[in-house]
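Participant: Below is one structure. I have some questions about it.
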Amino acid sequence: MTADDSYDRLDDDDYPAYTMGRAAEMLGTTQGFLRAIGEARLITPLRSPGGHRRYSRYQLRIAARARELVDHGTPIEAACRIIILEDQLEEAQRLNAEYRSAAESANPTAAA
């Protein structure tokens with residue numbers, strides 16, 4: 001990967017562009033908090049060739065949501081579980097809408 005390629009990737013939400021220290025600074029939290037949500041399997045940071053944790057913007061948004069819940073008194077394990085369940089619910093609703101749309105397209109008279 002050339003330097004130009006890595007600059008192109010910075011617009012990619014899934015590109016692991018942020019070190020643990022920078023991610024913690026951006027979120028206004030500690031590196032320990034990021035480790036804890038990683039241990040709770042809320043996010044899994046990628047590793048640099050040197051073994052350092054690297055975070056994407058998508059992962060930082062999830063971490064920010066966890067921090068918000070924790071700041072309001074939710075235990076970290078519960079906050080992680082809530083976010084995982086919210087994500088699963090959103091995905092189930094999306095799939096349900098797709099199936100419903102496909103069924104209506106296949107049988108338009110039944111939808112009326």
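We name chains A, B, ... following the order of the structure tokens; residues begin at 1 in each chain, and ligands are numbered from 1 as shown.
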Would you mind writing down, as a ChimeraX atom specification, each residue of chain A that DSSP on the backbone assigns to strand (DSSP E)?

Facilitator: /A:18-19,46-47,53-55

Participant: Select from chain A everything DSSP, run on the backbone, classes as helix (DSSP H, G or I), then give the selection as a ChimeraX atom specification.

Facilitator: /A:3-9,20-27,31-39,57-71,76-106,108-111

Participant: Excluding same-chain residues fewer than 6 positions from Ile62 in chain A, what lies within 10 Å of it counting only C-alpha atoms, as a list in words?

Facilitator: Ile37, Leu42, Ile43, Glu68, Cys80, Ile83 and Ile84 of chain A

Participant: Quick check, in Å to one decimal: how far apart do CA of Glu25 in chain A and CA of Arg81 in chain A lie?

Facilitator: 23.9 Å

Participant: Using only C-alpha atoms, can you tell me which of A:Ala63, A:Ala97, A:Ser56, A:Pro49 comes closest to Asp12 in chain A?

Facilitator: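 Among the listed residues, A:Ser56 lies closest to Asp12 in chain A.
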
Participant: Show me, as a VMD selection string, the residues that have an atom within 6 Å of Tyr58 in chain A when counting only C-alpha atoms, minus same-chain residues fewer than 2 positions from it.

Facilitator: chain A and resid 13 to 14 56 60 to 61

Participant: Got a sec: who's within 10 Å of Ala17 in chain A, counting only C-alpha atoms, leaving out chain neighbours fewer than 2 positions off, as a PDB file with N, CA, C and O atoms, in the first residue's frame?

Facilitator:
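Contents of result20.pdb, freshly written:
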```pdb
ATOM      1  N   SER A   6      -3.169   5.050   1.467  1.00  0.00           N
ATOM      2  CA  SER A   6      -3.597   5.201   2.857  1.00  0.00           C
ATOM      3  C   SER A   6      -4.384   6.498   3.042  1.00  0.00           C
ATOM      4  O   SER A   6      -5.304   6.550   3.841  1.00  0.00           O
ATOM      5  N   ARG A   9      -7.934   5.919   2.117  1.00  0.00           N
ATOM      6  CA  ARG A   9      -8.661   5.098   3.084  1.00  0.00           C
ATOM      7  C   ARG A   9      -9.179   5.902   4.266  1.00  0.00           C
ATOM      8  O   ARG A   9     -10.031   5.434   5.017  1.00  0.00           O
ATOM      9  N   LEU A  10      -8.679   7.104   4.472  1.00  0.00           N
ATOM     10  CA  LEU A  10      -9.099   7.887   5.632  1.00  0.00           C
ATOM     11  C   LEU A  10     -10.583   8.245   5.586  1.00  0.00           C
ATOM     12  O   LEU A  10     -11.177   8.529   6.613  1.00  0.00           O
ATOM     13  N   ASP A  11     -11.188   8.224   4.416  1.00  0.00           N
ATOM     14  CA  ASP A  11     -12.627   8.471   4.303  1.00  0.00           C
ATOM     15  C   ASP A  11     -13.443   7.217   4.583  1.00  0.00           C
ATOM     16  O   ASP A  11     -14.661   7.282   4.668  1.00  0.00           O
ATOM     17  N   ASP A  12     -12.788   6.084   4.730  1.00  0.00           N
ATOM     18  CA  ASP A  12     -13.434   4.798   4.974  1.00  0.00           C
ATOM     19  C   ASP A  12     -13.742   4.662   6.468  1.00  0.00           C
ATOM     20  O   ASP A  12     -12.836   4.698   7.304  1.00  0.00           O
ATOM     21  N   ASP A  13     -15.028   4.525   6.823  1.00  0.00           N
ATOM     22  CA  ASP A  13     -15.438   4.400   8.229  1.00  0.00           C
ATOM     23  C   ASP A  13     -14.829   3.182   8.923  1.00  0.00           C
ATOM     24  O   ASP A  13     -14.746   3.153  10.145  1.00  0.00           O
ATOM     25  N   ASP A  14     -14.447   2.175   8.149  1.00  0.00           N
ATOM     26  CA  ASP A  14     -13.923   0.942   8.738  1.00  0.00           C
ATOM     27  C   ASP A  14     -12.397   0.885   8.756  1.00  0.00           C
ATOM     28  O   ASP A  14     -11.823  -0.088   9.246  1.00  0.00           O
ATOM     29  N   TYR A  15     -11.747   1.904   8.241  1.00  0.00           N
ATOM     30  CA  TYR A  15     -10.282   1.923   8.217  1.00  0.00           C
ATOM     31  C   TYR A  15      -9.751   2.213   9.624  1.00  0.00           C
ATOM     32  O   TYR A  15     -10.131   3.214  10.238  1.00  0.00           O
ATOM     33  N   THR A  19      -4.950   5.339  16.821  1.00  0.00           N
ATOM     34  CA  THR A  19      -4.297   4.576  17.883  1.00  0.00           C
ATOM     35  C   THR A  19      -5.177   4.595  19.123  1.00  0.00           C
ATOM     36  O   THR A  19      -6.098   5.406  19.234  1.00  0.00           O
ATOM     37  N   MET A  20      -4.865   3.733  20.054  1.00  0.00           N
ATOM     38  CA  MET A  20      -5.640   3.685  21.289  1.00  0.00           C
ATOM     39  C   MET A  20      -5.567   5.023  22.020  1.00  0.00           C
ATOM     40  O   MET A  20      -6.592   5.535  22.499  1.00  0.00           O
ATOM     41  N   ARG A  22      -5.000   8.040  20.814  1.00  0.00           N
ATOM     42  CA  ARG A  22      -5.746   9.071  20.086  1.00  0.00           C
ATOM     43  C   ARG A  22      -7.251   8.838  20.219  1.00  0.00           C
ATOM     44  O   ARG A  22      -8.021   9.773  20.406  1.00  0.00           O
ATOM     45  N   ALA A  23      -7.680   7.568  20.134  1.00  0.00           N
ATOM     46  CA  ALA A  23      -9.098   7.232  20.266  1.00  0.00           C
ATOM     47  C   ALA A  23      -9.608   7.640  21.653  1.00  0.00           C
ATOM     48  O   ALA A  23     -10.675   8.249  21.773  1.00  0.00           O
ATOM     49  N   LEU A  46      -8.530  -3.586  15.415  1.00  0.00           N
ATOM     50  CA  LEU A  46      -7.532  -4.276  14.610  1.00  0.00           C
ATOM     51  C   LEU A  46      -6.176  -4.008  15.233  1.00  0.00           C
ATOM     52  O   LEU A  46      -6.032  -3.129  16.078  1.00  0.00           O
ATOM     53  N   SER A  48      -2.028  -3.237  14.638  1.00  0.00           N
ATOM     54  CA  SER A  48      -0.990  -2.792  13.713  1.00  0.00           C
ATOM     55  C   SER A  48       0.036  -3.910  13.587  1.00  0.00           C
ATOM     56  O   SER A  48       0.026  -4.864  14.382  1.00  0.00           O
ATOM     57  N   ARG A  54      -5.754  -0.511  16.935  1.00  0.00           N
ATOM     58  CA  ARG A  54      -6.115   0.566  16.020  1.00  0.00           C
ATOM     59  C   ARG A  54      -7.634   0.570  15.862  1.00  0.00           C
ATOM     60  O   ARG A  54      -8.252  -0.478  15.723  1.00  0.00           O
ATOM     61  N   TYR A  55      -8.240   1.757  15.891  1.00  0.00           N
ATOM     62  CA  TYR A  55      -9.686   1.895  15.869  1.00  0.00           C
ATOM     63  C   TYR A  55     -10.157   2.646  14.631  1.00  0.00           C
ATOM     64  O   TYR A  55      -9.511   3.588  14.178  1.00  0.00           O
ATOM     65  N   SER A  56     -11.323   2.253  14.142  1.00  0.00           N
ATOM     66  CA  SER A  56     -11.944   2.941  13.005  1.00  0.00           C
ATOM     67  C   SER A  56     -12.933   3.979  13.524  1.00  0.00           C
ATOM     68  O   SER A  56     -13.308   3.970  14.703  1.00  0.00           O
ATOM     69  N   ARG A  57     -13.383   4.844  12.637  1.00  0.00           N
ATOM     70  CA  ARG A  57     -14.393   5.827  13.024  1.00  0.00           C
ATOM     71  C   ARG A  57     -15.687   5.130  13.435  1.00  0.00           C
ATOM     72  O   ARG A  57     -16.363   5.567  14.374  1.00  0.00           O
TER      73      ARG A  57
END
```

Participant: Rounded to one decimal, what separation in Å do you get between CA of Ala66 in chain A and CA of Glu39 in chain A?

Facilitator: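 Atom-to-atom, CA of Ala66 in chain A and CA of Glu39 in chain A are spaced 13.2 Å apart.
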
Participant: For the atom pair CA of Tyr99 in chain A and CA of Leu85 in chain A, what is the interatomic distance in Å to one decimal place?

Facilitator: 20.8 Å
